[in-house]
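Since the structure comes first, as structure tokens, the remarks are kept for the end.
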Amino acid sequence: IRTVHTHVASEIHVDGSDWRLRELNDKELARMPAASSPRPRAAQHVAEDLKLAVFEEVWKDGRVPVSTIAEQHGFSPQRVADAIASLRASNVLRFRTDIARSATEWATEAWYFLEAPARLRDAIKHTAVTVPEIRYAMTTTSRSNLVLIVWLRKLGDVHRFEIALEAALQGARIIDRSVSLQSVRHLTREIGPETTAVGRVQADSHFSAARR
């Protein structure tokens with residue numbers, strides 16, 4: 001390793017939770033149930049030990065039943081259900097379903113590092129949430145004050161997307177770009193060469209440390 005560059009995120013505009021594969025039509029999307037709202041009688045504040053219990057278990061398995069969390073940590077199922085509903089409503093807890101890139105038409109992952117004037121802030125936000133290829137967008141405090149991660153259909157699209165991006169963000173300048181050849185870790189999973197999950201990453205130690 002010759003050098004390391006740190007990009008401190010000041011604001012995240014888009015992340016993988018917002019990205020959609022766009023395989024469902026509007027009628028199919030409308031059939032998907034919305035997240036449960038907190039009960040009117042639910043506690044306004046989620047206790048820290050209960051919050052950590054929820055985080056610890058959903059980190060390991062996003063489909064873990066409420067009853068399992070309750071049994072493992074000594075809470076009632078209703079308290080756990082109320083906590084999850086409250087944490088989701090406040091956007092503290094977010095669920096997402098990822099897909100192996102090899103199972104989609106989006107075969108290429110590219111990173112773009114842009115230098116953009118502050119006056120483009122609103123345009124950047126609008127572009128980031130409306131361009132379907134963008135999976136992650138953040139403004140940073142470094143020279144590359146806008147960093148994008150995009151999924152593209154083929155390698156040749158890297159340069160075509162770059163041209164379209166600079167046209168959409170007049171005044172911004174792409175100062176670096178790279179193509180990800182292989183991801184070895186994504187959130188809680190180890191990723192194999194076929195972009196599928198091959199193992200589980202150990203939960204961060206701060207869960208147990210924070211409980212002691």
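If you're wondering about the labels, chains in the structure tokens are A, B, ... by order shown, residues count from 1 in each chain, ligands from 1 in order shown.
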
Query raised in the report: So which bits of region 20-200 of chain A end up strand (DSSP E or B) when you DSSP the backbone, as a PyMOL selection string?
Result: chain A and resi 108-115+134-140+146-152+173-180+185-186+189-191+197-200

Query - Neighbour list for region 179-191 of chain A as an NGL selection string, cut-off 6 Å, only C-alpha atoms, skip fewer than 4 positions in-chain - result: :A and (109-110 or 195-201)

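Closest approach to Arg121 (chain A) from the set A:Arg135, A:His13, A:Arg31, A:Arg79 is made by A:His13, with distances taken over only C-alpha atoms.
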
Requested in this report: Find the spatial neighbours of region 85-89 of chain A, counting only C-alpha atoms, within a cut-off of 9 Å - ignore same-chain residues fewer than 2 positions away - and output them as a list in words.
Outcome: Ala35, Ser36, Ser37, Pro38, Arg39, Ala42, Ala43, Gln44, His45, Val46, Lys51, Val80, Ala81, Asp82, Ala83, Asn91, Val92, Leu93, Arg94 and Phe95 of chain A

Query raised in the report: Quick one: distance from CA of Lys154 (chain A) to CA of Trp19 (chain A) in Å, one decimal?
Result: 18.5 Å

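Pairwise distance (CA of Val58 (chain A), CA of Ile99 (chain A)) equals 18.0 Å.
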
Query raised in the report: Leaving out region 158-169 of chain A and any residue of its chain fewer than 4 positions from it, which residues lie within 12 Å of it when counting only C-alpha atoms, given as an NGL selection string?
Result: :A and (106-128 or 130-134 or 146 or 148-154 or 173-180)

For N, CA and C atoms, I'd like the residues from the last selection saved as a CSV table (one decimal), in the first residue's frame.
chain,number,residue,atom,x,y,z
A,106,TRP,N,-26.8,-5.9,-14.5
A,106,TRP,CA,-25.9,-4.9,-14.1
A,106,TRP,C,-24.5,-5.5,-13.7
A,107,ALA,N,-23.8,-5.8,-14.8
A,107,ALA,CA,-22.5,-6.6,-14.6
A,107,ALA,C,-21.3,-5.8,-14.1
A,108,THR,N,-21.3,-4.5,-14.3
A,108,THR,CA,-20.2,-3.7,-14.0
A,108,THR,C,-20.4,-2.7,-12.8
A,109,GLU,N,-19.6,-2.7,-11.8
A,109,GLU,CA,-19.7,-1.7,-10.8
A,109,GLU,C,-18.5,-0.7,-11.0
A,110,ALA,N,-18.9,0.6,-11.0
A,110,ALA,CA,-17.9,1.6,-11.2
A,110,ALA,C,-18.0,2.7,-10.1
A,111,TRP,N,-16.9,3.3,-9.8
A,111,TRP,CA,-16.9,4.4,-8.8
A,111,TRP,C,-16.4,5.7,-9.6
A,112,TYR,N,-17.1,6.8,-9.3
A,112,TYR,CA,-16.7,8.1,-9.9
A,112,TYR,C,-16.5,9.1,-8.7
A,113,PHE,N,-15.4,9.8,-8.8
A,113,PHE,CA,-15.0,10.8,-7.9
A,113,PHE,C,-15.0,12.2,-8.5
A,114,LEU,N,-15.9,13.0,-8.1
A,114,LEU,CA,-16.2,14.3,-8.7
A,114,LEU,C,-15.8,15.5,-7.8
A,115,GLU,N,-15.4,16.5,-8.5
A,115,GLU,CA,-15.2,17.8,-7.8
A,115,GLU,C,-16.3,18.7,-8.3
A,116,ALA,N,-17.1,19.2,-7.4
A,116,ALA,CA,-18.3,19.9,-7.8
A,116,ALA,C,-18.5,21.2,-6.9
A,117,PRO,N,-18.8,22.3,-7.5
A,117,PRO,CA,-19.0,23.5,-6.7
A,117,PRO,C,-20.2,23.4,-5.8
A,118,ALA,N,-20.2,24.1,-4.7
A,118,ALA,CA,-21.3,24.0,-3.8
A,118,ALA,C,-22.6,24.4,-4.4
A,119,ARG,N,-22.7,25.3,-5.4
A,119,ARG,CA,-23.9,25.7,-6.0
A,119,ARG,C,-24.7,24.6,-6.6
A,120,LEU,N,-24.0,23.5,-6.9
A,120,LEU,CA,-24.6,22.3,-7.5
A,120,LEU,C,-25.3,21.4,-6.5
A,121,ARG,N,-25.3,21.8,-5.3
A,121,ARG,CA,-25.8,20.9,-4.2
A,121,ARG,C,-27.2,20.3,-4.6
A,122,ASP,N,-28.2,21.2,-4.9
A,122,ASP,CA,-29.5,20.7,-5.2
A,122,ASP,C,-29.6,19.9,-6.4
A,123,ALA,N,-28.8,20.2,-7.5
A,123,ALA,CA,-28.8,19.5,-8.7
A,123,ALA,C,-28.2,18.1,-8.4
A,124,ILE,N,-27.2,18.0,-7.6
A,124,ILE,CA,-26.6,16.7,-7.3
A,124,ILE,C,-27.6,15.8,-6.6
A,125,LYS,N,-28.3,16.4,-5.6
A,125,LYS,CA,-29.3,15.6,-4.9
A,125,LYS,C,-30.4,15.0,-5.9
A,126,HIS,N,-30.9,15.9,-6.8
A,126,HIS,CA,-31.9,15.5,-7.7
A,126,HIS,C,-31.4,14.4,-8.6
A,127,THR,N,-30.2,14.6,-9.2
A,127,THR,CA,-29.6,13.6,-10.1
A,127,THR,C,-29.4,12.3,-9.4
A,128,ALA,N,-28.9,12.3,-8.2
A,128,ALA,CA,-28.5,11.1,-7.5
A,128,ALA,C,-29.8,10.2,-7.2
A,130,THR,N,-32.6,10.2,-9.1
A,130,THR,CA,-33.4,9.9,-10.2
A,130,THR,C,-32.7,9.1,-11.3
A,131,VAL,N,-31.4,9.0,-11.2
A,131,VAL,CA,-30.6,8.2,-12.2
A,131,VAL,C,-30.6,6.7,-11.7
A,132,PRO,N,-31.2,5.8,-12.4
A,132,PRO,CA,-31.3,4.4,-11.9
A,132,PRO,C,-30.0,3.7,-11.7
A,133,GLU,N,-29.0,4.1,-12.4
A,133,GLU,CA,-27.7,3.4,-12.3
A,133,GLU,C,-27.0,3.7,-10.9
A,134,ILE,N,-27.3,4.8,-10.3
A,134,ILE,CA,-26.6,5.2,-9.1
A,134,ILE,C,-27.1,4.4,-7.9
A,146,LEU,N,-17.9,14.7,-4.2
A,146,LEU,CA,-19.0,13.9,-4.6
A,146,LEU,C,-18.5,12.6,-5.1
A,148,LEU,N,-19.7,8.7,-6.3
A,148,LEU,CA,-20.9,7.9,-6.7
A,148,LEU,C,-20.4,6.4,-7.0
A,149,ILE,N,-21.3,5.5,-6.6
A,149,ILE,CA,-21.1,4.1,-7.0
A,149,ILE,C,-22.3,3.7,-7.9
A,150,VAL,N,-22.0,3.2,-9.1
A,150,VAL,CA,-23.0,2.9,-10.1
A,150,VAL,C,-22.9,1.5,-10.5
A,151,TRP,N,-24.0,0.9,-10.9
A,151,TRP,CA,-24.1,-0.4,-11.6
A,151,TRP,C,-24.4,-0.1,-13.1
A,152,LEU,N,-23.6,-0.7,-13.9
A,152,LEU,CA,-23.8,-0.5,-15.4
A,152,LEU,C,-23.9,-1.9,-16.1
A,153,ARG,N,-24.5,-1.9,-17.2
A,153,ARG,CA,-24.7,-3.2,-17.9
A,153,ARG,C,-23.4,-3.8,-18.5
A,154,LYS,N,-22.5,-3.0,-19.0
A,154,LYS,CA,-21.3,-3.5,-19.6
A,154,LYS,C,-20.2,-2.5,-19.4
A,173,ARG,N,-16.7,18.2,-12.3
A,173,ARG,CA,-15.6,17.6,-13.1
A,173,ARG,C,-15.2,16.3,-12.4
A,174,ILE,N,-15.2,15.2,-13.2
A,174,ILE,CA,-14.8,13.9,-12.8
A,174,ILE,C,-13.3,13.9,-12.7
A,175,ILE,N,-12.7,13.7,-11.5
A,175,ILE,CA,-11.3,13.7,-11.4
A,175,ILE,C,-10.7,12.4,-11.2
A,176,ASP,N,-11.5,11.3,-11.0
A,176,ASP,CA,-11.0,10.0,-11.0
A,176,ASP,C,-12.2,9.0,-11.2
A,177,ARG,N,-11.9,7.8,-11.7
A,177,ARG,CA,-12.9,6.8,-11.8
A,177,ARG,C,-12.2,5.4,-11.7
A,178,SER,N,-12.9,4.4,-11.3
A,178,SER,CA,-12.4,3.1,-11.2
A,178,SER,C,-13.5,2.1,-11.3
A,179,VAL,N,-13.1,0.9,-11.8
A,179,VAL,CA,-14.0,-0.2,-11.9
A,179,VAL,C,-13.7,-1.3,-10.8
A,180,SER,N,-14.7,-1.7,-10.1
A,180,SER,CA,-14.5,-2.7,-9.1
A,180,SER,C,-14.4,-4.1,-9.7
